[in-house]
file my_file_19.cif (mmCIF, C-alpha atoms)
data_my_file
loop_
_atom_site.label_atom_id
_atom_site.label_comp_id
_atom_site.auth_asym_id
_atom_site.auth_seq_id
_atom_site.Cartn_x
_atom_site.Cartn_y
_atom_site.Cartn_z
CA MET A 1 -7.54 15.85 -7.48
CA LYS A 2 -4.06 14.46 -7.94
CA LEU A 3 -3.06 11.96 -10.66
CA VAL A 4 -0.33 9.41 -10.07
CA GLN A 5 0.98 6.78 -12.48
CA VAL A 6 2.29 3.33 -11.54
CA ALA A 7 3.96 2.06 -14.72
CA GLY A 8 6.46 -0.61 -15.68
CA TRP A 9 6.86 -3.74 -17.81
CA LEU A 10 4.40 -6.64 -17.53
CA GLY A 11 4.76 -8.66 -14.37
CA SER A 12 6.85 -6.07 -12.55
CA GLY A 13 4.36 -5.89 -9.66
CA LYS A 14 2.24 -2.88 -10.62
CA THR A 15 -1.13 -4.30 -9.58
CA THR A 16 0.21 -5.56 -6.25
CA LEU A 17 1.69 -2.12 -5.55
CA VAL A 18 -1.49 -0.33 -6.65
CA ILE A 19 -3.51 -2.42 -4.17
CA ALA A 20 -1.00 -1.65 -1.39
CA LEU A 21 -1.03 2.08 -2.21
CA GLY A 22 -4.83 2.15 -2.46
CA LYS A 23 -5.24 0.45 0.90
CA GLY A 24 -2.55 2.57 2.58
CA LEU A 25 -3.88 5.88 1.25
CA SER A 26 -7.46 4.96 2.19
CA LYS A 27 -6.29 4.10 5.69
CA ASN A 28 -4.72 7.57 5.87
CA GLY A 29 -8.11 9.11 5.11
CA LYS A 30 -7.61 9.79 1.39
CA LYS A 31 -10.35 9.15 -1.14
CA VAL A 32 -8.77 7.03 -3.87
CA ALA A 33 -9.87 5.86 -7.32
CA ILE A 34 -7.89 3.50 -9.52
CA VAL A 35 -7.81 3.50 -13.32
CA VAL A 36 -6.62 0.22 -14.79
CA ASN A 37 -5.71 -0.26 -18.44
CA GLU A 38 -4.78 -3.70 -19.75
CA ILE A 39 -3.38 -4.89 -23.03
CA GLY A 40 -5.69 -7.92 -23.25
CA ALA A 41 -9.20 -7.51 -24.64
CA ILE A 42 -10.79 -8.73 -21.38
CA PRO A 43 -9.54 -7.12 -18.16
CA VAL A 44 -8.25 -9.24 -15.28
CA ASP A 45 -6.39 -6.75 -13.08
CA GLY A 46 -9.35 -4.42 -12.58
CA ARG A 47 -11.43 -7.28 -11.23
CA VAL A 48 -8.59 -8.34 -8.92
CA VAL A 49 -8.12 -4.79 -7.55
CA GLN A 50 -11.90 -4.55 -6.99
CA GLU A 51 -11.69 -7.64 -4.78
CA TYR A 52 -9.68 -5.56 -2.29
CA GLY A 53 -12.56 -3.11 -1.89
CA LEU A 54 -11.05 -0.38 -4.05
CA THR A 55 -12.92 1.72 -6.63
CA VAL A 56 -11.76 0.73 -10.11
CA HIS A 57 -12.35 2.20 -13.57
CA ASP A 58 -11.30 -0.18 -16.36
CA ILE A 59 -10.15 1.07 -19.74
CA ASP A 60 -9.95 -1.60 -22.41
CA GLY A 61 -9.56 -1.68 -26.16
CA GLY A 62 -5.85 -0.89 -26.31
CA CYS A 63 -3.03 0.97 -24.62
CA ILE A 64 -3.71 4.41 -23.13
CA CYS A 65 -0.29 5.68 -24.16
CA CYS A 66 -1.29 5.45 -27.83
CA GLN A 67 -4.40 3.61 -29.11
CA VAL A 68 -7.00 4.77 -26.59
CA SER A 69 -5.52 7.91 -25.06
CA GLY A 70 -8.86 9.69 -25.64
CA ASN A 71 -10.67 7.07 -23.56
CA MET A 72 -8.27 7.70 -20.71
CA PHE A 73 -8.91 11.42 -20.82
CA ARG A 74 -12.68 10.89 -20.85
CA THR A 75 -12.36 8.52 -17.87
CA ILE A 76 -10.31 11.06 -15.88
CA LYS A 77 -12.83 13.77 -16.72
CA ALA A 78 -15.76 11.57 -15.62
CA ILE A 79 -14.00 10.84 -12.32
CA TYR A 80 -13.32 14.56 -11.85
CA GLU A 81 -16.91 15.52 -12.60
CA GLY A 82 -18.26 12.63 -10.51
CA PRO A 83 -16.75 11.25 -7.30
CA ARG A 84 -13.64 13.51 -7.49
CA PRO A 85 -11.37 11.58 -5.13
CA ASP A 86 -8.22 13.08 -3.60
CA ILE A 87 -5.96 10.79 -5.58
CA VAL A 88 -6.36 8.85 -8.84
CA ILE A 89 -3.83 6.07 -9.35
CA ILE A 90 -3.41 5.19 -13.01
CA GLU A 91 -2.07 1.73 -13.79
CA PRO A 92 -1.35 1.66 -17.52
CA THR A 93 -0.53 -1.48 -19.49
CA GLY A 94 2.93 -2.94 -19.08
CA LEU A 95 3.74 -1.63 -22.55
CA ALA A 96 2.84 1.99 -21.87
CA VAL A 97 5.30 4.84 -22.10
CA PRO A 98 4.35 7.06 -19.13
CA GLY A 99 5.51 10.29 -20.78
CA SER A 100 2.86 9.91 -23.50
CA ILE A 101 0.16 9.49 -20.85
CA ARG A 102 1.40 12.56 -18.97
CA GLU A 103 1.29 14.57 -22.20
CA THR A 104 -2.33 13.54 -22.85
CA ILE A 105 -3.30 14.59 -19.34
CA ARG A 106 -1.40 17.88 -19.61
CA ALA A 107 -3.11 18.69 -22.90
CA GLY A 108 -6.52 18.65 -21.22
CA ALA A 109 -5.59 19.54 -17.67
CA HIS A 110 -6.51 23.21 -18.06
CA GLU A 111 -10.18 22.17 -18.03
CA MET A 112 -9.85 20.68 -14.55
CA ASP A 113 -8.32 21.55 -11.20
CA ILE A 114 -5.90 18.64 -11.12
CA SER A 115 -2.30 18.24 -10.07
CA MET A 116 0.27 15.70 -11.16
CA GLY A 117 1.81 13.42 -8.59
CA PRO A 118 4.92 11.37 -9.25
CA THR A 119 5.22 8.85 -12.05
CA ILE A 120 6.44 5.64 -10.45
CA VAL A 121 8.07 3.11 -12.76
CA LEU A 122 8.75 -0.42 -11.52
CA ILE A 123 11.76 -2.42 -12.66
CA ASP A 124 11.51 -6.17 -12.07
CA ILE A 125 15.00 -6.82 -10.70
CA PRO A 126 15.03 -10.64 -11.01
CA ARG A 127 14.00 -10.37 -14.69
CA ALA A 128 15.81 -7.17 -15.66
CA GLU A 129 18.79 -8.88 -17.26
CA LYS A 130 16.55 -11.13 -19.37
CA LEU A 131 14.34 -8.26 -20.55
CA LEU A 132 17.27 -6.01 -21.41
CA GLY A 133 18.78 -8.85 -23.46
CA TYR A 134 16.22 -8.23 -26.24
CA GLU A 135 16.71 -5.03 -28.19
CA GLY A 136 12.96 -4.39 -28.65
CA LEU A 137 12.21 -4.80 -24.97
CA LYS A 138 15.29 -2.85 -23.95
CA ARG A 139 14.06 0.17 -25.94
CA LEU A 140 10.64 -0.05 -24.31
CA VAL A 141 11.86 -0.55 -20.73
CA THR A 142 14.39 2.26 -21.19
CA ALA A 143 11.66 4.59 -22.52
CA GLN A 144 9.58 3.79 -19.43
CA MET A 145 12.52 4.56 -17.09
CA VAL A 146 13.30 7.88 -18.78
CA ASP A 147 9.84 9.19 -17.86
CA ALA A 148 9.97 8.21 -14.18
CA ASP A 149 10.08 10.56 -11.18
CA ILE A 150 10.57 7.53 -8.96
CA ILE A 151 12.03 4.21 -10.05
CA ALA A 152 11.03 1.36 -7.77
CA LEU A 153 13.39 -1.61 -8.00
CA SER A 154 10.79 -4.30 -7.38
CA LYS A 155 11.00 -7.79 -5.85
CA VAL A 156 14.25 -6.87 -4.07
CA ASP A 157 13.66 -9.79 -1.69
CA MET A 158 14.41 -12.07 -4.66
CA ALA A 159 17.61 -10.32 -5.77
CA THR A 160 21.21 -10.48 -4.60
CA GLU A 161 23.06 -7.39 -3.36
CA GLY A 162 25.20 -7.56 -6.49
CA LYS A 163 22.18 -7.51 -8.82
CA LEU A 164 20.70 -4.60 -6.91
CA LEU A 165 23.89 -2.60 -7.17
CA GLU A 166 24.15 -3.28 -10.90
CA ALA A 167 20.51 -2.26 -11.37
CA ARG A 168 20.99 0.99 -9.43
CA GLU A 169 23.98 1.92 -11.56
CA ALA A 170 22.15 1.12 -14.82
CA VAL A 171 19.08 3.09 -13.75
CA CYS A 172 21.18 6.12 -12.78
CA VAL A 173 22.70 6.20 -16.26
CA VAL A 174 19.28 6.12 -17.97
CA ASN A 175 17.53 8.54 -15.61
CA PRO A 176 19.83 10.35 -13.17
CA ARG A 177 17.06 12.63 -11.85
CA ALA A 178 14.77 9.81 -10.65
CA GLU A 179 14.59 8.89 -6.98
CA ILE A 180 15.32 5.18 -6.52
CA ILE A 181 13.37 3.10 -4.02
CA HIS A 182 13.86 -0.55 -3.13
CA LEU A 183 10.48 -2.29 -3.20
CA SER A 184 9.25 -5.60 -1.90
CA THR A 185 5.49 -5.32 -1.63
CA SER A 186 5.22 -8.81 -0.13
CA ARG A 187 7.49 -7.72 2.75
CA GLY A 188 6.12 -4.18 2.89
CA GLU A 189 9.55 -2.71 2.09
CA GLY A 190 9.37 0.63 0.28
CA VAL A 191 5.56 0.87 0.38
CA ALA A 192 5.43 3.52 3.13
CA ALA A 193 7.95 5.68 1.25
CA LEU A 194 5.83 5.46 -1.88
CA ILE A 195 2.62 6.30 0.01
CA GLN A 196 4.40 9.37 1.39
CA ALA A 197 5.65 10.35 -2.07
CA VAL A 198 2.19 9.93 -3.61
CA THR A 199 0.64 12.00 -0.82
CA GLU A 200 3.18 14.80 -0.66
CA ARG A 201 4.94 15.13 -4.02
CA ARG A 202 3.73 17.21 -6.90
CA VAL A 203 5.48 17.41 -10.24
CA GLU A 204 5.27 20.21 -12.74
CA ALA A 205 2.05 19.98 -14.77
CA MET B 1 -19.34 0.01 -40.30
CA SER B 2 -15.96 1.26 -39.10
CA ASN B 3 -15.11 4.93 -39.43
CA PRO B 4 -12.61 5.27 -42.32
CA LEU B 5 -11.31 8.52 -40.85
CA LYS B 6 -10.46 6.99 -37.49
CA ILE B 7 -6.76 6.24 -37.25
CA ILE B 8 -5.63 4.13 -34.32
CA LYS B 9 -1.95 4.81 -33.75
CA THR B 10 0.01 2.14 -31.97
CA ASN B 11 3.34 2.88 -30.35
CA PRO B 12 6.06 1.22 -32.50
CA LEU B 13 7.69 0.06 -29.27
CA HIS B 14 4.76 -2.34 -28.84
CA GLU B 15 5.68 -4.40 -31.91
CA ASP B 16 6.24 -8.12 -31.31
CA ILE B 17 4.15 -8.10 -28.13
CA LYS B 18 0.91 -9.98 -28.72
CA ALA B 19 -2.06 -10.66 -26.48
CA TYR B 20 -4.99 -13.02 -26.39
CA ALA B 21 -7.88 -13.00 -23.93
CA VAL B 22 -10.78 -15.36 -23.46
CA ALA B 23 -13.78 -15.48 -21.14
CA CYS B 24 -15.98 -18.55 -20.71
CA ARG B 25 -18.28 -20.32 -18.30
CA LEU B 26 -17.30 -23.68 -16.86
CA SER B 27 -19.53 -26.16 -15.13
CA ARG B 28 -19.46 -29.69 -13.74
CA GLU B 29 -22.25 -31.88 -12.45
CA GLU B 30 -20.12 -32.93 -9.47
CA LYS B 31 -19.26 -29.98 -7.20
CA VAL B 32 -15.70 -28.65 -7.40
CA SER B 33 -13.89 -27.79 -4.18
CA SER B 34 -11.80 -24.66 -3.87
CA GLY B 35 -8.66 -26.79 -3.53
CA GLU B 36 -9.38 -28.53 -6.81
CA LEU B 37 -10.10 -25.19 -8.45
CA ARG B 38 -6.76 -23.84 -7.22
CA GLY B 39 -5.11 -26.91 -8.76
CA PHE B 40 -6.90 -26.23 -12.05
CA ALA B 41 -5.76 -22.60 -12.07
CA GLU B 42 -2.16 -23.57 -11.32
CA GLU B 43 -2.08 -26.25 -14.00
CA LEU B 44 -3.64 -23.86 -16.48
CA MET B 45 -0.91 -21.26 -15.91
CA ASN B 46 1.82 -23.91 -16.24
CA ALA B 47 0.27 -25.41 -19.38
CA ILE B 48 -0.17 -22.08 -21.21
CA SER B 49 3.33 -20.88 -20.40
CA ALA B 50 4.86 -24.24 -21.41
CA LEU B 51 3.06 -24.17 -24.77
CA CYS B 52 4.13 -20.56 -25.39
CA VAL B 53 7.77 -21.44 -24.68
CA GLN B 54 7.47 -24.57 -26.84
CA GLN B 55 6.22 -22.41 -29.72
CA GLY B 56 9.23 -20.11 -29.42
CA ALA B 57 8.17 -17.28 -27.08
CA LYS B 58 11.16 -15.14 -26.08
CA VAL B 59 9.63 -13.65 -22.94
CA LEU B 60 6.24 -14.15 -21.31
CA GLY B 61 4.78 -10.76 -20.51
CA HIS B 62 2.34 -12.50 -18.24
CA ILE B 63 -0.25 -15.23 -18.24
CA LYS B 64 -3.03 -14.39 -15.80
CA ALA B 65 -6.53 -15.51 -15.05
CA TYR B 66 -9.36 -15.25 -12.59
CA LEU B 67 -12.09 -17.67 -11.63
CA VAL B 68 -15.23 -16.31 -10.02
CA TYR B 69 -18.06 -18.33 -8.55
CA GLU B 70 -20.95 -17.83 -6.17
CA THR B 71 -18.93 -17.58 -2.96
CA GLY B 72 -15.34 -17.44 -4.15
CA PHE B 73 -12.80 -15.59 -6.27
CA LEU B 74 -9.38 -16.90 -7.29
CA HIS B 75 -6.72 -15.20 -9.38
CA ALA B 76 -3.60 -16.79 -10.81
CA HIS B 77 -0.58 -15.60 -12.73
CA THR B 78 2.83 -16.60 -14.00
CA LEU B 79 5.74 -14.98 -15.77
CA GLY B 80 6.89 -18.38 -17.00
CA GLU B 81 9.81 -18.69 -14.58
CA PRO B 82 10.21 -22.07 -12.83
CA GLY B 83 7.88 -22.37 -9.84
CA ASP B 84 6.53 -18.83 -10.08
CA VAL B 85 2.82 -19.62 -10.49
CA THR B 86 0.75 -17.95 -7.80
CA VAL B 87 -2.90 -18.58 -7.01
CA ASP B 88 -4.51 -16.18 -4.52
CA GLY B 89 -7.96 -15.03 -3.55
CA ARG B 90 -11.00 -16.05 -1.56
CA ASP B 91 -11.87 -19.71 -1.25
CA GLY B 92 -15.60 -20.33 -1.48
CA ASP B 93 -17.89 -23.29 -0.95
CA PRO B 94 -17.79 -26.17 -3.44
CA ALA B 95 -19.66 -25.11 -6.59
CA ASN B 96 -20.87 -26.35 -9.96
CA HIS B 97 -20.54 -23.16 -12.04
CA PHE B 98 -17.62 -20.78 -12.61
CA LYS B 99 -16.64 -17.89 -14.82
CA LEU B 100 -13.08 -17.98 -16.14
CA VAL B 101 -11.12 -15.13 -17.75
CA ILE B 102 -7.62 -15.66 -19.14
CA ASN B 103 -5.26 -12.98 -20.42
CA SER B 104 -1.99 -14.01 -22.12
CA VAL B 105 0.62 -11.46 -23.24
CA VAL B 106 3.75 -12.75 -24.94
CA TYR B 107 6.82 -11.26 -26.60
CA GLY B 108 8.09 -12.99 -29.71
CA LEU B 109 5.04 -15.02 -30.83
CA SER B 110 2.34 -14.23 -33.38
CA GLU B 111 -1.14 -13.40 -32.11
CA GLU B 112 -2.36 -16.67 -33.60
CA ALA B 113 0.29 -18.65 -31.70
CA VAL B 114 -0.63 -16.98 -28.38
CA LYS B 115 -4.28 -17.85 -29.02
CA GLU B 116 -3.38 -21.41 -29.98
CA ALA B 117 -1.29 -21.95 -26.82
CA THR B 118 -4.01 -20.51 -24.58
CA GLU B 119 -6.90 -22.40 -26.16
CA SER B 120 -5.01 -25.73 -26.38
CA ALA B 121 -4.03 -25.62 -22.72
CA LEU B 122 -7.57 -24.68 -21.72
CA THR B 123 -9.18 -27.42 -23.83
CA ASN B 124 -6.86 -30.10 -22.42
CA LEU B 125 -7.48 -29.08 -18.81
CA ILE B 126 -11.23 -28.79 -19.27
CA SER B 127 -11.16 -32.40 -20.41
CA GLU B 128 -8.85 -33.48 -17.57
CA PHE B 129 -11.09 -31.85 -14.93
CA ARG B 130 -14.30 -33.05 -16.68
CA PHE B 131 -15.68 -29.51 -17.03
CA GLN B 132 -18.21 -28.38 -19.59
CA ARG B 133 -17.44 -25.12 -21.39
CA ALA B 134 -19.98 -22.53 -22.53
CA PRO B 135 -19.28 -19.06 -23.99
#

call {"tool": "encode", "arguments": {"input": "my_file_19.cif", "output": "structure tokens"}}
result
Amino acid sequence: MKLVQVAGWLGSGKTTLVIALGKGLSKNGKKVAIVVNEIGAIPVDGRVVQEYGLTVHDIDGGCICCQVSGNMFRTIKAIYEGPRPDIVIIEPTGLAVPGSIRETIRAGAHEMDISMGPTIVLIDIPRAEKLLGYEGLKRLVTAQMVDADIIALSKVDMATEGKLLEAREAVCVVNPRAEIIHLSTSRGEGVAALIQAVTERRVEA
Amino acid sequence: MSNPLKIIKTNPLHEDIKAYAVACRLSREEKVSSGELRGFAEELMNAISALCVQQGAKVLGHIKAYLVYETGFLHAHTLGEPGDVTVDGRDGDPANHFKLVINSVVYGLSEEAVKEATESALTNLISEFRFQRAP
């Protein structure tokens, strides 16, 4: 069973990408489960993902990178001991720092035969400048980028070439080892590359 | 009784980001068409985001909602940018009863202010659309 994270600030397109990945991987014959964690007390995204015929496990009560990391581990273990799909896609809250989630999984991974797939972090290109204009948000978005194996520059259909170039340069400074992918889920751009990465790539556990 | 030994650690990077969520049941004697329901969802997103901005929100994390009824399911969201409200989902037959869930996450407002913006917008639109609200 392989675990993959799709992280990134609120509204960056995580849920839309998770649905596209879930559908694409299922079409390729993979058994997929999706773990959705939301910051609000009553989940919305999990219900939306379910509408697309995908298997969803909601985690509420806080953020899995800090407040309810134990709940996340118990959920992963239950999936492993139960349906044990080929791939589990974890969609944390938009506030989550993916490195903390990876650490929680690593700490308990020896109990299970699981591998780590790539951590994909989405950057909302049309809103990037606005978000990075606030020091508090800049620290959070930067911390998310640092932990990424793949950075998906999202909503590229709504960005100019100049903005994209600026974003690529900024991302390379923060995380030079991450692969950068241009993503427009509405147009299908970048989705196939991410399905391939999720299927084939393993990162050190 | 809460466990005094249980410590819930919150990432300090999450400071200043506040959320409010509400679930309720809506009903109306006269059936509501899917088109009207889409209009309600869109107006709700616009109204909550406008009130958040009016109260001093720096950035809207997201305002999102879903409406589920016997034969339909609609979901809506906005990031508070002009014209960015989307309403998607399955249109069902006209219905009298709906379940609504709203989730608002905002940077730069108190939790109370996010709740106030969400509840005020909802109350106004319930009145405008002549819905009855139950928990």

call {"tool": "closest_atom_pairs", "arguments": {"input": "my_file_19.cif", "of": "chain A", "to": "chain B", "cutoff": "10 Å", "atoms": "all atoms listed in the file", "output": "tab-separated table"}}
result
residue	atom	partner	partner_atom	distance
A:Trp9	CA	B:Gly61	CA	7.8
A:Leu10	CA	B:Gly61	CA	5.1
A:Gly11	CA	B:His62	CA	6.0
A:Ser12	CA	B:Gly61	CA	9.5
A:Glu38	CA	B:Asn103	CA	9.3
A:Ile39	CA	B:Ala19	CA	6.9
A:Gly40	CA	B:Ala21	CA	5.6
A:Ala41	CA	B:Ala21	CA	5.7
A:Ile42	CA	B:Ala21	CA	5.8
A:Pro43	CA	B:Asn103	CA	7.6
A:Val44	CA	B:Ala65	CA	6.5
A:Asp45	CA	B:Lys64	CA	8.8
A:Arg47	CA	B:Tyr66	CA	8.3
A:Val48	CA	B:His75	CA	7.1
A:Glu51	CA	B:Phe73	CA	8.2
A:Tyr52	CA	B:Gly89	CA	9.7
A:Gly62	CA	B:Thr10	CA	8.7
A:Cys63	CA	B:Thr10	CA	8.0
A:Ile64	CA	B:Thr10	CA	9.9
A:Cys65	CA	B:Asn11	CA	7.7
A:Cys66	CA	B:Thr10	CA	5.5
A:Gln67	CA	B:Ile8	CA	5.4
A:Val68	CA	B:Ile8	CA	7.9
A:Ser69	CA	B:Lys9	CA	9.9
A:Gly94	CA	B:Gly61	CA	8.2
A:Leu95	CA	B:His14	CA	6.4
A:Ala96	CA	B:His14	CA	8.4
A:Val97	CA	B:Asn11	CA	8.7
A:Ser100	CA	B:Asn11	CA	9.8
A:Arg127	CA	B:Glu81	CA	9.3
A:Lys130	CA	B:Val59	CA	8.2
A:Leu131	CA	B:Val59	CA	7.5
A:Tyr134	CA	B:Lys58	CA	8.6
A:Gly136	CA	B:Leu13	CA	6.9
A:Leu137	CA	B:Leu13	CA	7.9
A:Lys138	CA	B:Leu13	CA	9.7
A:Arg139	CA	B:Leu13	CA	7.2
A:Leu140	CA	B:Leu13	CA	5.8
A:Val141	CA	B:Leu13	CA	9.5
A:Ala143	CA	B:Leu13	CA	9.0

call {"tool": "residues_around", "arguments": {"input": "my_file_19.cif", "residues": "B:Glu128", "least_positions_apart": "3", "cutoff": "12 Å", "atoms": "all atoms listed in the file", "output": "NGL selection string"}}
result
:B and (28 or 36 or 39-40 or 43-44 or 121-125 or 131-132)

call {"tool": "atom_distance", "arguments": {"input": "my_file_19.cif", "atom1": "atom CA of A:Thr75", "atom2": "atom CA of A:Val35"}}
result
8.2 Å

call {"tool": "atom_distance", "arguments": {"input": "my_file_19.cif", "atom1": "atom CA of A:Asp58", "atom2": "atom CA of A:Ile76"}}
result
11.3 Å

call {"tool": "closest_residue", "arguments": {"input": "my_file_19.cif", "among": "A:Gly108, A:Gly117, A:Gly24, A:Gly53", "to": "A:Gln5", "atoms": "only C-alpha atoms"}}
result
A:Gly117

call {"tool": "atom_distance", "arguments": {"input": "my_file_19.cif", "atom1": "atom CA of A:Ala109", "atom2": "atom CA of A:Asn71"}}
result
14.7 Å

call {"tool": "resolve_selection", "arguments": {"input": "my_file_19.cif", "expression": "the PyMOL selection byres ((chain B and resi 49-52) around 8)", "output": "MDAnalysis selection string"}}
result
chainID B and resid 45:48 53:57 60 63 78:80 106 109 113:114 117:118 121

call {"tool": "closest_residue", "arguments": {"input": "my_file_19.cif", "among": "A:Glu179, A:Asp60, A:Glu169, A:Asp86", "to": "A:Thr199", "atoms": "all atoms listed in the file"}}
result
A:Asp86

call {"tool": "resolve_selection", "arguments": {"input": "my_file_19.cif", "expression": "the PyMOL selection byres ((chain B and resi 135) around 10)", "output": "PDB file with C-alpha atoms, in the coordinates of the input"}}
result
ATOM      1  CA  VAL B  22     -10.780 -15.360 -23.460  1.00  0.00           C
ATOM      2  CA  ALA B  23     -13.780 -15.480 -21.140  1.00  0.00           C
ATOM      3  CA  CYS B  24     -15.980 -18.550 -20.710  1.00  0.00           C
ATOM      4  CA  ARG B  25     -18.280 -20.320 -18.300  1.00  0.00           C
ATOM      5  CA  LEU B  26     -17.300 -23.680 -16.860  1.00  0.00           C
ATOM      6  CA  LYS B  99     -16.640 -17.890 -14.820  1.00  0.00           C
ATOM      7  CA  ARG B 133     -17.440 -25.120 -21.390  1.00  0.00           C
ATOM      8  CA  ALA B 134     -19.980 -22.530 -22.530  1.00  0.00           C
TER       9      ALA B 134
END

call {"tool": "closest_residue", "arguments": {"input": "my_file_19.cif", "among": "B:Ser120, B:Asn96, B:Ser110, B:Ser127", "to": "B:Glu29", "atoms": "all atoms listed in the file"}}
result
B:Asn96

call {"tool": "residues_around", "arguments": {"input": "my_file_19.cif", "residues": "stretch 14-23 of chain A", "least_positions_apart": "3", "cutoff": "10 Å", "atoms": "only C-alpha atoms", "output": "PyMOL selection string"}}
result
chain A and resi 5-11+26-28+30-36+45-46+48-55+87-94+120-124+154+183-186+188+191-192+194-196+198

call {"tool": "resolve_selection", "arguments": {"input": "my_file_19.cif", "expression": "the PyMOL selection byres ((chain A and resi 106) around 12)", "output": "ChimeraX atom specification"}}
result
/A:3,73,76,99-105,107-116,203-205

call {"tool": "residues_around", "arguments": {"input": "my_file_19.cif", "residues": "A:Asn175", "least_positions_apart": "5", "cutoff": "12 Å", "atoms": "all atoms listed in the file", "output": "MDAnalysis selection string"}}
result
chainID A and resid 121 141:151 167:170 180

call {"tool": "build_atoms", "arguments": {"input": "my_file_19.cif", "residues": "stretch 37-49 of chain B", "atoms": "N, CA, C and O atoms", "output": "mmCIF file, in the frame of the given file"}}
result
data_model
loop_
_atom_site.group_PDB
_atom_site.id
_atom_site.type_symbol
_atom_site.label_atom_id
_atom_site.label_comp_id
_atom_site.auth_asym_id
_atom_site.auth_seq_id
_atom_site.Cartn_x
_atom_site.Cartn_y
_atom_site.Cartn_z
ATOM 1 N N LEU B 37 -10.087 -26.349 -7.551
ATOM 2 C CA LEU B 37 -10.100 -25.190 -8.450
ATOM 3 C C LEU B 37 -8.734 -24.487 -8.460
ATOM 4 O O LEU B 37 -8.259 -24.034 -9.500
ATOM 5 N N ARG B 38 -8.119 -24.414 -7.290
ATOM 6 C CA ARG B 38 -6.760 -23.840 -7.220
ATOM 7 C C ARG B 38 -5.794 -24.684 -8.069
ATOM 8 O O ARG B 38 -4.938 -24.155 -8.768
ATOM 9 N N GLY B 39 -5.958 -26.011 -7.967
ATOM 10 C CA GLY B 39 -5.110 -26.910 -8.760
ATOM 11 C C GLY B 39 -5.327 -26.688 -10.252
ATOM 12 O O GLY B 39 -4.366 -26.649 -11.030
ATOM 13 N N PHE B 40 -6.577 -26.497 -10.640
ATOM 14 C CA PHE B 40 -6.900 -26.230 -12.050
ATOM 15 C C PHE B 40 -6.226 -24.937 -12.515
ATOM 16 O O PHE B 40 -5.605 -24.894 -13.578
ATOM 17 N N ALA B 41 -6.349 -23.901 -11.700
ATOM 18 C CA ALA B 41 -5.760 -22.600 -12.070
ATOM 19 C C ALA B 41 -4.241 -22.710 -12.210
ATOM 20 O O ALA B 41 -3.650 -22.172 -13.157
ATOM 21 N N GLU B 42 -3.620 -23.421 -11.282
ATOM 22 C CA GLU B 42 -2.160 -23.570 -11.320
ATOM 23 C C GLU B 42 -1.722 -24.356 -12.562
ATOM 24 O O GLU B 42 -0.810 -23.951 -13.279
ATOM 25 N N GLU B 43 -2.433 -25.443 -12.819
ATOM 26 C CA GLU B 43 -2.080 -26.250 -14.000
ATOM 27 C C GLU B 43 -2.305 -25.481 -15.293
ATOM 28 O O GLU B 43 -1.563 -25.620 -16.255
ATOM 29 N N LEU B 44 -3.349 -24.664 -15.294
ATOM 30 C CA LEU B 44 -3.640 -23.860 -16.480
ATOM 31 C C LEU B 44 -2.501 -22.875 -16.773
ATOM 32 O O LEU B 44 -2.052 -22.747 -17.916
ATOM 33 N N MET B 45 -2.014 -22.212 -15.729
ATOM 34 C CA MET B 45 -0.910 -21.260 -15.910
ATOM 35 C C MET B 45 0.339 -21.984 -16.433
ATOM 36 O O MET B 45 0.996 -21.527 -17.374
ATOM 37 N N ASN B 46 0.645 -23.134 -15.816
ATOM 38 C CA ASN B 46 1.820 -23.910 -16.240
ATOM 39 C C ASN B 46 1.676 -24.380 -17.686
ATOM 40 O O ASN B 46 2.628 -24.315 -18.466
ATOM 41 N N ALA B 47 0.468 -24.849 -18.042
ATOM 42 C CA ALA B 47 0.270 -25.410 -19.380
ATOM 43 C C ALA B 47 0.367 -24.324 -20.452
ATOM 44 O O ALA B 47 1.010 -24.528 -21.488
ATOM 45 N N ILE B 48 -0.234 -23.156 -20.195
ATOM 46 C CA ILE B 48 -0.170 -22.080 -21.210
ATOM 47 C C ILE B 48 1.264 -21.611 -21.384
ATOM 48 O O ILE B 48 1.756 -21.469 -22.508
ATOM 49 N N SER B 49 1.956 -21.396 -20.266
ATOM 50 C CA SER B 49 3.330 -20.880 -20.400
ATOM 51 C C SER B 49 4.231 -21.909 -21.083
ATOM 52 O O SER B 49 5.064 -21.561 -21.923
#
